[in-house]
Amino acid sequence: MEGPYSRGDKFPEWMVLLTDKNLSIRDTAKENIALNFEHQETLWLVTPFVMLQLQKILKNIVRYLFFDNIYIV
């Protein structure tokens, strides 16, 4: 899958880093994801897959915060 600057090979790593306890690491991961799945209003091949994974992460965060305090990536 292609992104604006390279292949989308780093996305799985960035997704995992979104759950890191270090805020700086999470911020860097968010920046990398944002820069590489959309560019100049162009959606790339990686975009739908990134959005699906981000949705799963968000669901787990909501579940953790409001329901059972179990966080699963």
# chains A, B, ... in the order shown; residues from 1 in each chain; ligands from 1
call {"tool": "residues_around", "arguments": {"residues": "segment 55-69 of chain A", "least_positions_apart": "5", "cutoff": "10 Å", "atoms": "only C-alpha atoms", "output": "PyMOL selection string"}}
result
chain A and resi 15-16+18-19+49-50
call {"tool": "atom_distance", "arguments": {"atom1": "atom CA of Thr47 of chain A", "atom2": "atom CA of Leu23 of chain A"}}
result
24.0 Å
